2 protein chains.
Amino acid sequence: MSTKQWTTKRAEKLARVEAVASLADGKVLPTEKMVDALELLIKPNDRVVLEGNNQKQADFLARVLEQVNPDKINNLHMIMPSVSLPSHMNIFEKGIASKLDFAFAGPQSVRVAQMLEDGILEIGAIHTYIELYARLYADLIPNVALVCGYKADRKGNLYTGASTEDTPGLVEAPAFKDGLIIAQVNEIVDNTDDLDRVDIPGDWVDFIVQADQPFYIEPLFTRDPRLIKDTHILMAMMAIKGIYAKHGVQTLNHGIGFNTAAIELLLPTYGEQLGLKGKICKHWTLNPHPTLIPAIESGWVETVHSFGGELGMEEYARARSDVFFTGPDGSMRSNRTMCQLAGQYAADMFIGSTLQMDPEGNSSTVTHGRLAGFGGAPNMGHDPRGRRHATDAWLNMITDEEKQKDVVKGRKLVVQAVETFQDGSKSTFVDRLDAVDVAKKAGMPVAPIMIYGDDVTHLLTEEGIAYLYMAKDLDERKEMIAAVAGVSEFGQRVTAERVKELRAAGKVATPEDLGIKRSDANRSLLAAKSVADLVKWSDGLYQPPAKYRSW
Amino acid sequence: MSTKQWTTKRAEKLARVEAVASLADGKVLPTEKMVDALELLIKPNDRVVLEGNNQKQADFLARVLEQVNPDKINNLHMIMPSVSLPSHMNIFEKGIASKLDFAFAGPQSVRVAQMLEDGILEIGAIHTYIELYARLYADLIPNVALVCGYKADRKGNLYTGASTEDTPGLVEAPAFKDGLIIAQVNEIVDNTDDLDRVDIPGDWVDFIVQADQPFYIEPLFTRDPRLIKDTHILMAMMAIKGIYAKHGVQTLNHGIGFNTAAIELLLPTYGEQLGLKGKICKHWTLNPHPTLIPAIESGWVETVHSFGGELGMEEYARARSDVFFTGPDGSMRSNRTMCQLAGQYAADMFIGSTLQMDPEGNSSTVTHGRLAGFGGAPNMGHDPRGRRHATDAWLNMITDEEKQKDVVKGRKLVVQAVETFQDGSKSTFVDRLDAVDVAKKAGMPVAPIMIYGDDVTHLLTEEGIAYLYMAKDLDERKEMIAAVAGVSEFGQRVTAERVKELRAAGKVATPEDLGIKRSDANRSLLAAKSVADLVKWSDGLYQPPAKYRSW
């Protein structure tokens with residue numbers, strides 16, 4: 001007969017809930033008593049999830065956590081998908097937390113690097129988003145989750161709104177492993193029927209609190225067409241003709257860059273000229289980019305599933321429910337976990353950018369003094385070897401030589417789109433990634449690589465496309481990379497003769513090889529040249545944030 | 001100004017809901033009118049999800065669907081994770097459905113193969129589970145989902161119970177894309193408070209119906225220790241010492257086999273003798289295997305997250321909530337999507353078995369006349385190249401040669417455990433997988449491979465372990481596979497001299513090399529020798545199904 005106690009976590013949770021009984025009104029905690037409440041609900045050494053997404057942060061709870069007494073609460077192990085607010089790092093500086101597992105650090109990336117160097121902070125690991133969520137079910141089960149929604153009823157049912165994002169991915173594991181779930185919301189309503197819809201069931205949520213102010217949303221995925229340069233347009237033309245159309249890409253992911261914004265804005269113009277409508281780019285996994293509006297309105301896009309929402313796109317998504325995922329209430333629904341899964345397993349192609357690439361094609365956005373993390377790129381920017389369904393694009397990656405074999409598989413297209421110089425002066429191509437030195441200095445077990453060179457199938461620069469999936473070995477891959485490295489020193493590492501051979505073999509293509517005139521690559525090709533144009537395309541449904549309004 | 005209609009899916013859904021208004025009482029459809037209801041709610045050519053899991057099927061809805069008039073409803077495109085019931089195939093035979101996308105076909109695998117050959121059935125693709133869920137957000141969005149739960153309230157809130165399994169993964173996409181969600185339940189209660197807990201929010205569910213009888217659950221993951229043979233025990237000893245301990249495996253997945261059941265039952269005996277407790281096998285992604293009870297009771301297991309439930313393990317899981325994931329109501333919670341994600345991204349190791357392996361190490365369970373599908377194996381049985389966090393086991397896969405490089409990555413352990421002969425007579429090793437011919441005959445674009453040879457890091461047979469991750473090239477990998485292929489013809493393809501070299505290099509290990517006496521490998525090592533022993537270990541909490549009770 002076992003004498004071991006087997007329900008200690010449940011008992012611990014109940015004791016903590018009991019400890020705030022005098023503060024709480026049912027599940028509702030008072031806004032002004034939250035410091036007291038967290039000091040009772042959190043214990044030293046706890047693993048604490050703090051919802052920080054691209055678009056939505058539990059900012060009030062972060063500010064409260066920053067105010068707890070470090071004598072009472074310290075050595076917290078923080079789990080944050082995105083480290084984006086000053087308060088996210090202040091809790092380390094104040095001695096409340098000591099260890100961090102994360103996926104992305106935007107504006108805080110310099111501070112993360114500095115605090116790591118100063119020994120204030122220990123990094124568990126840099127993850128890709130769903131890798132971090134996955135660990136919540138195994139070796140990184142949280143004690144507490146601090147999350148964020150728009151509205152809750154008094155039973156704890158949560159409406160997370162269009163930016164549902166990471167909330168389901170962060171809540172489920174602790175909710176079913178005797179963790180405490182505390183949600184800040186902008187508004188508490190009395191009845192479930194007063195909620196737009198239920199995104200998280202109330203019995204998964206222990207406490208709700210009305211935030212002192214509505215949570216802040218940054219319109220991260222809005223790209224002003226006025227900032228798109230001719231180089232972006234040239235690269236976009238090459239991408240559309242030399243990659244998307246060549247391989248028949250149907251399901252794809254686009255990120256935040258101007259290169260991909262240019263592609264979105266060229267589909268209704270250049271794409272239409274090439275007769276590609278209905279043939280490529282039907283299913284998308286991406287945030288609701290305003291720059292996708294012209295392609296949607298022109299009938300290019302069948303479906304969009306999103307990681308998160310985008311400020312200003314709410315009414316447009318609602319009115320285009322055939323395209324976007326929306327709830328029974330009509331408002332948009334996002335879900336980073338499921339969108340990352342779709343981007344990994346259902347997508348033909350990932351296209352992304354980087355700050356540095358080494359001669360073998362390895363890339364990283366971790367540079368000296370900046371620990372940026374990778375977000376979703378590692379998950380979507382690799383060949384998912386568990387995939388078993390075939391599509392035209394996936395099959396198109398099988399080389400003629402491979403076709404001779406009995407056992408063969410297709411491959412995901414992983415496109416790196418980079419200009420050969422960053423900010424016009426710093427070479428993107430480097431002999432050794434900064435990430436290698438950063439790792440050595442910080443004692444990381446391996447260098448933090450965003451995308452490994454052998455996962456990259458296409459390298460696109462303003463010089464042309466290197467079809468890396470066709471490289472017969474590592475040496476040829478290096479030559480092909482050099483062939484599109486332009487006037488950088490790296491571009492000199494392959495002879496003109498050899499580049500000719502690679503072009504003749506179809507392994508490298510210049511704009512000329514693709515039948516693209518560089519002089520055609522200009523802003524007149526953009527379906528929308530300004531945010532005002534995007535609003536017009538949307539029938540006035542897109543409501544850009546103030547900073548993008550200039551009219 | 002756009003003249004296109006953008007909310008046609010919503011309008012279509014509302015029209016269908018309206019069409020059954022006279023039959024329905026709010027969201028409740030009458031059991032005896034379900035044929036009429038489905039004839040109004042489903043249209044020809046619809047994409048229809050039919051919940052078929054390992055453990056839980058929407059069996060009533062499947063039987064109803066079989067009865068609709070094929071003149072009214074036909075050419076359905078069925079999406080079924082697991083094809084397991086006769087009715088699942090009858091709908092094709094009766095002309096109601098024509099196309100199938102699936103992940104696993106157990107007892108129906110022969111019929112799937114036959115109907116494909118007869119042209120009655122078109123296969124979309126064979127998927128791994130989460131690949132199939134992923135496509136529901138992109139190019140395979142369903143019109144209707146027929147799912148299964150234990151209980152619902154009249155608002156549609158669903159309690160799916162310990163076998164939550166695929167339900168969340170199947171419901172979310174159509175619920176937010178104007179699909180119709182119809183759930184069968186064993187019981188309808190009046191109020192939300194009468195539900196044990198809410199697993200799916202009511203406003204994601206359009207209709208509920210009480211099934212004519214409770215849904216059937218098969219205790220698929222129960223292995224009777226009496227059927228474990230000495231060979232299983234020998235292989236289990238090698239696995240524990242030569243793989244789990246050697247590499248320090250902490251987070252792992254086990255499947256349904258007797259080999260892994262033997263490992264589970266050897267941890268508290270052989271594992272303890274080796275002093276491994278607390279050093280390996282702490283975090284598990286697996287169904288609640290009864291054979292894991294002795295290891296749990298002995299303190300080996302910190303956490304178990306499950307794909308689904310297991311009949312008879314309900315009370316045990318409830319009483320061991322420190323180990324299992326349970327809801328606020330105390331009952332177990334599973335979720336195949338999240339468990340597959342944990343098995344992919346958080347696990348150090350996958351171990352599985354196969355029916356056939358070719359000389360390069362490719363394997364498949366698709367054989368002539370049997371289209372079995374692969375379930376979760378392809379997802380967990382590959383190196384997830386998006387992974388960025390390091391663990392000891394993952395780092396341990398880096399070879400000395402690789403360590404010299406700046407950019408290097410660890411690797412997931414993918415172990416194939418096979419006896420060299422199936423049923424004692426048929427060689428597991430074949431020159432050409434049946435799957436290659438099946439694919440050609442059925443016009444599949446590529447052969448259905450379960451696990452690709454270059455993803456396998458370890459091959460374990462009763463002859464020994466081949467450490468395939470150490471192979472310097474394909475030729476050496478082939479030799480290493482032959483070295484453990486035993487008395488089969490394949491075992492002759494490598495010379496005794498070469499095997500000696502491979503053993504000396506640590507690339508192959510026999511039981512003797514590992515310090516394991518074959519004579520020690522017998523049933524006396526099992527921590528439990530019968531199901532009755534498992535019940536005793538569990539303090540009577542495990543309640544085995546009748547067919548496993550012999551006392």
# chains A, B, ... in the order shown; residues from 1 in each chain; ligands from 1
>>> interface_residues(of="chain B", to="chain A", cutoff="7 Å", atoms="only C-alpha atoms", output="PyMOL selection string")
chain B and resi 1+6-9+125-128+131+134-135+137-139+176-177+197-198+201+203+283-284+303+305+319-322+325-327+333+338+341-342+345-346+378-379+382+384-389+406-409+436+446-447+539
>>> write_last_selection(atoms="C-alpha atoms", output="compact mmCIF listing (two decimals), in the first residue's frame")
# COMPACT_ATOMS: atom_id res chain seq x y z
CA MET B 1 -17.22 48.64 -55.03
CA TRP B 6 -18.57 37.46 -48.93
CA THR B 7 -20.69 35.70 -46.34
CA THR B 8 -22.13 32.85 -48.39
CA LYS B 9 -20.89 30.17 -46.01
CA ALA B 125 -4.15 11.09 -48.40
CA ILE B 126 -2.93 9.12 -45.43
CA HIS B 127 -1.87 11.59 -42.74
CA THR B 128 -0.35 11.69 -39.35
CA GLU B 131 -1.21 16.95 -40.09
CA ALA B 134 -3.72 21.22 -39.54
CA ARG B 135 -5.34 20.92 -42.97
CA TYR B 137 -7.50 25.30 -41.20
CA ALA B 138 -6.28 25.53 -44.79
CA ASP B 139 -7.19 23.40 -47.79
CA PHE B 176 -15.06 29.17 -36.64
CA LYS B 177 -15.53 28.71 -40.38
CA ARG B 197 -16.77 20.28 -16.62
CA VAL B 198 -16.93 22.06 -19.98
CA PRO B 201 -17.95 25.77 -25.15
CA ASP B 203 -21.48 28.32 -28.70
CA HIS B 283 7.91 12.87 -18.40
CA TRP B 284 5.65 10.80 -20.60
CA THR B 303 4.06 13.50 -15.38
CA HIS B 305 0.02 13.66 -20.65
CA ALA B 319 -6.37 9.50 -7.52
CA ARG B 320 -2.94 10.24 -9.03
CA SER B 321 -3.54 13.81 -10.15
CA ASP B 322 0.07 14.78 -9.37
CA PHE B 325 -3.67 15.71 -16.25
CA THR B 326 -7.09 16.06 -14.65
CA GLY B 327 -9.83 18.66 -14.76
CA ARG B 333 -8.22 15.11 -19.43
CA MET B 338 -1.57 18.81 -27.67
CA LEU B 341 2.63 18.36 -30.16
CA ALA B 342 4.36 17.43 -26.90
CA TYR B 345 8.52 19.00 -29.82
CA ALA B 346 9.03 18.26 -26.12
CA PRO B 378 5.23 9.94 -38.54
CA ASN B 379 4.75 13.01 -36.33
CA HIS B 382 10.99 12.11 -37.00
CA PRO B 384 11.53 17.95 -35.48
CA ARG B 385 13.91 20.36 -37.10
CA GLY B 386 12.01 23.34 -35.69
CA ARG B 387 13.08 22.38 -32.17
CA ARG B 388 15.48 24.85 -30.55
CA HIS B 389 15.70 23.85 -26.88
CA ASP B 406 30.18 26.14 -35.43
CA VAL B 407 26.63 25.36 -36.38
CA VAL B 408 25.34 22.11 -35.04
CA LYS B 409 22.10 20.75 -33.71
CA VAL B 436 6.08 0.79 -52.85
CA VAL B 446 4.74 8.66 -53.34
CA ALA B 447 4.94 5.40 -51.40
CA ASP B 539 -4.33 -0.20 -4.60
>>> residues_around(residues="Gly464 (chain A)", least_positions_apart="6", cutoff="12 Å", atoms="only C-alpha atoms", output="PyMOL selection string")
chain A and resi 231+234-239+241-243+416-420+458+480-486+499+502-503+506-516+518
>>> select_by_dssp(residues="region 83-151 of chain A", states="alpha helix (DSSP H)", output="list in words")
Pro86, Ser87, His88, Met89, Asn90, Ile91, Phe92, Glu93, Ser109, Val110, Arg111, Val112, Ala113, Gln114, Met115, Leu116, Glu117, Tyr129, Ile130, Glu131, Leu132, Tyr133, Ala134 and Arg135 of chain A
>>> write_last_selection(atoms="N, CA, C and O atoms", output="CSV table (one decimal), in the first residue's frame")
chain,number,residue,atom,x,y,z
A,86,PRO,N,8.5,46.7,-21.1
A,86,PRO,CA,9.5,46.9,-20.1
A,86,PRO,C,9.3,46.2,-18.8
A,86,PRO,O,10.2,45.6,-18.3
A,87,SER,N,8.0,46.0,-18.4
A,87,SER,CA,7.7,45.3,-17.2
A,87,SER,C,8.1,43.9,-17.2
A,87,SER,O,8.5,43.3,-16.2
A,88,HIS,N,8.1,43.3,-18.5
A,88,HIS,CA,8.5,41.9,-18.6
A,88,HIS,C,10.0,41.7,-18.1
A,88,HIS,O,10.3,40.6,-17.6
A,89,MET,N,10.8,42.7,-18.3
A,89,MET,CA,12.2,42.6,-17.9
A,89,MET,C,12.4,43.2,-16.5
A,89,MET,O,13.3,42.8,-15.8
A,90,ASN,N,11.6,44.2,-16.1
A,90,ASN,CA,11.7,44.7,-14.8
A,90,ASN,C,11.6,43.7,-13.7
A,90,ASN,O,12.3,43.8,-12.7
A,91,ILE,N,10.8,42.7,-13.9
A,91,ILE,CA,10.6,41.7,-12.8
A,91,ILE,C,11.9,40.9,-12.6
A,91,ILE,O,12.1,40.4,-11.5
A,92,PHE,N,12.7,40.8,-13.6
A,92,PHE,CA,14.1,40.2,-13.4
A,92,PHE,C,15.0,41.2,-12.7
A,92,PHE,O,15.7,40.8,-11.7
A,93,GLU,N,15.0,42.4,-13.1
A,93,GLU,CA,15.8,43.4,-12.5
A,93,GLU,C,15.5,43.6,-11.0
A,93,GLU,O,16.4,43.8,-10.2
A,109,SER,N,14.8,43.0,-26.9
A,109,SER,CA,15.9,42.0,-27.2
A,109,SER,C,17.3,42.5,-26.8
A,109,SER,O,18.1,41.7,-26.4
A,110,VAL,N,17.5,43.8,-26.8
A,110,VAL,CA,18.8,44.3,-26.3
A,110,VAL,C,18.9,44.1,-24.8
A,110,VAL,O,19.9,43.7,-24.3
A,111,ARG,N,17.8,44.4,-24.1
A,111,ARG,CA,17.8,44.3,-22.6
A,111,ARG,C,18.0,42.8,-22.2
A,111,ARG,O,18.7,42.5,-21.2
A,112,VAL,N,17.4,41.9,-22.9
A,112,VAL,CA,17.5,40.5,-22.6
A,112,VAL,C,19.0,40.1,-22.7
A,112,VAL,O,19.6,39.5,-21.8
A,113,ALA,N,19.6,40.6,-23.8
A,113,ALA,CA,21.1,40.3,-24.0
A,113,ALA,C,21.9,40.9,-22.9
A,113,ALA,O,22.8,40.2,-22.3
A,114,GLN,N,21.6,42.1,-22.5
A,114,GLN,CA,22.4,42.8,-21.5
A,114,GLN,C,22.2,42.1,-20.1
A,114,GLN,O,23.2,41.9,-19.4
A,115,MET,N,21.0,41.8,-19.8
A,115,MET,CA,20.8,41.2,-18.5
A,115,MET,C,21.3,39.8,-18.4
A,115,MET,O,21.8,39.3,-17.3
A,116,LEU,N,21.4,39.1,-19.5
A,116,LEU,CA,22.0,37.8,-19.6
A,116,LEU,C,23.5,37.9,-19.3
A,116,LEU,O,24.1,37.2,-18.5
A,117,GLU,N,24.1,38.9,-20.0
A,117,GLU,CA,25.5,39.1,-19.8
A,117,GLU,C,25.8,39.6,-18.3
A,117,GLU,O,26.9,39.2,-17.8
A,129,TYR,N,7.4,29.1,-31.1
A,129,TYR,CA,6.2,29.2,-30.3
A,129,TYR,C,5.6,27.8,-29.8
A,129,TYR,O,5.5,27.5,-28.7
A,130,ILE,N,5.3,27.0,-30.8
A,130,ILE,CA,4.6,25.8,-30.4
A,130,ILE,C,5.5,24.8,-29.7
A,130,ILE,O,5.0,23.9,-29.0
A,131,GLU,N,6.8,24.9,-29.8
A,131,GLU,CA,7.7,24.1,-29.0
A,131,GLU,C,7.5,24.5,-27.6
A,131,GLU,O,7.5,23.6,-26.7
A,132,LEU,N,7.4,25.8,-27.3
A,132,LEU,CA,7.2,26.3,-25.9
A,132,LEU,C,5.9,25.8,-25.4
A,132,LEU,O,5.8,25.3,-24.2
A,133,TYR,N,4.8,25.9,-26.2
A,133,TYR,CA,3.5,25.4,-25.7
A,133,TYR,C,3.6,23.9,-25.4
A,133,TYR,O,3.0,23.4,-24.4
A,134,ALA,N,4.3,23.2,-26.3
A,134,ALA,CA,4.4,21.7,-26.1
A,134,ALA,C,5.1,21.3,-24.8
A,134,ALA,O,4.6,20.4,-24.1
A,135,ARG,N,6.1,22.1,-24.4
A,135,ARG,CA,6.8,21.8,-23.1
A,135,ARG,C,5.9,22.0,-21.9
A,135,ARG,O,6.2,21.4,-20.9
>>> closest_residue(among="B:Lys155, B:His289, B:Arg498, B:His77", to="Pro225 (chain B)", atoms="only C-alpha atoms")
B:His289
>>> residues_around(residues="Arg16 (chain B)", least_positions_apart="4", cutoff="12 Å", atoms="only C-alpha atoms", output="PyMOL selection string")
chain B and resi 9-12+20-22+37-43+143-144+178-181+206-207
>>> residues_around(residues="region 425-430 of chain A", least_positions_apart="4", cutoff="7 Å", atoms="only C-alpha atoms", output="PyMOL selection string")
chain A and resi 355-358+420-421+488+490
>>> closest_residue(among="B:Glu51, B:Ala527, B:Gln543, B:Lys500", to="Pro268 (chain B)", atoms="only C-alpha atoms")
B:Ala527
>>> atom_distance(atom1="CA of Glu501 (chain A)", atom2="CA of Thr399 (chain A)")
17.8 Å
>>> decode(residues="region 316-331 of chain B", atoms="N, CA and C atoms", output="JSON list (two decimals), in the first residue's frame")
[["chain", "number", "residue", "atom", "x", "y", "z"],
["B", 316, "TYR", "N", -7.96, 5.48, -11.19],
["B", 316, "TYR", "CA", -6.53, 5.54, -10.89],
["B", 316, "TYR", "C", -5.97, 6.93, -11.25],
["B", 317, "ALA", "N", -6.32, 7.40, -12.45],
["B", 317, "ALA", "CA", -5.83, 8.72, -12.88],
["B", 317, "ALA", "C", -6.34, 9.81, -11.94],
["B", 318, "ARG", "N", -7.60, 9.70, -11.54],
["B", 318, "ARG", "CA", -8.20, 10.69, -10.65],
["B", 318, "ARG", "C", -7.43, 10.75, -9.32],
["B", 319, "ALA", "N", -7.05, 9.57, -8.83],
["B", 319, "ALA", "CA", -6.37, 9.50, -7.52],
["B", 319, "ALA", "C", -4.88, 9.82, -7.61],
["B", 320, "ARG", "N", -4.37, 9.94, -8.82],
["B", 320, "ARG", "CA", -2.94, 10.24, -9.03],
["B", 320, "ARG", "C", -2.80, 11.54, -9.82],
["B", 321, "SER", "N", -3.50, 12.57, -9.36],
["B", 321, "SER", "CA", -3.54, 13.81, -10.15],
["B", 321, "SER", "C", -2.20, 14.53, -10.17],
["B", 322, "ASP", "N", -1.28, 14.19, -9.26],
["B", 322, "ASP", "CA", 0.07, 14.78, -9.37],
["B", 322, "ASP", "C", 0.76, 14.31, -10.65],
["B", 323, "VAL", "N", 0.38, 13.13, -11.12],
["B", 323, "VAL", "CA", 1.01, 12.55, -12.31],
["B", 323, "VAL", "C", 0.20, 12.85, -13.57],
["B", 324, "PHE", "N", -1.10, 12.56, -13.54],
["B", 324, "PHE", "CA", -1.94, 12.70, -14.73],
["B", 324, "PHE", "C", -2.53, 14.10, -14.84],
["B", 325, "PHE", "N", -2.92, 14.48, -16.03],
["B", 325, "PHE", "CA", -3.67, 15.71, -16.25],
["B", 325, "PHE", "C", -5.14, 15.43, -15.92],
["B", 326, "THR", "N", -5.70, 16.23, -15.03],
["B", 326, "THR", "CA", -7.09, 16.06, -14.65],
["B", 326, "THR", "C", -7.77, 17.42, -14.64],
["B", 327, "GLY", "N", -9.08, 17.41, -14.75],
["B", 327, "GLY", "CA", -9.83, 18.66, -14.76],
["B", 327, "GLY", "C", -10.17, 19.11, -13.35],
["B", 328, "PRO", "N", -10.80, 20.28, -13.23],
["B", 328, "PRO", "CA", -11.23, 20.76, -11.91],
["B", 328, "PRO", "C", -12.22, 19.79, -11.27],
["B", 329, "ASP", "N", -12.90, 18.97, -12.09],
["B", 329, "ASP", "CA", -13.83, 17.98, -11.56],
["B", 329, "ASP", "C", -13.10, 16.74, -11.06],
["B", 330, "GLY", "N", -11.80, 16.64, -11.33],
["B", 330, "GLY", "CA", -11.03, 15.48, -10.89],
["B", 330, "GLY", "C", -10.85, 14.41, -11.94],
["B", 331, "SER", "N", -11.66, 14.42, -12.99],
["B", 331, "SER", "CA", -11.52, 13.36, -14.00],
["B", 331, "SER", "C", -10.41, 13.70, -14.98]]
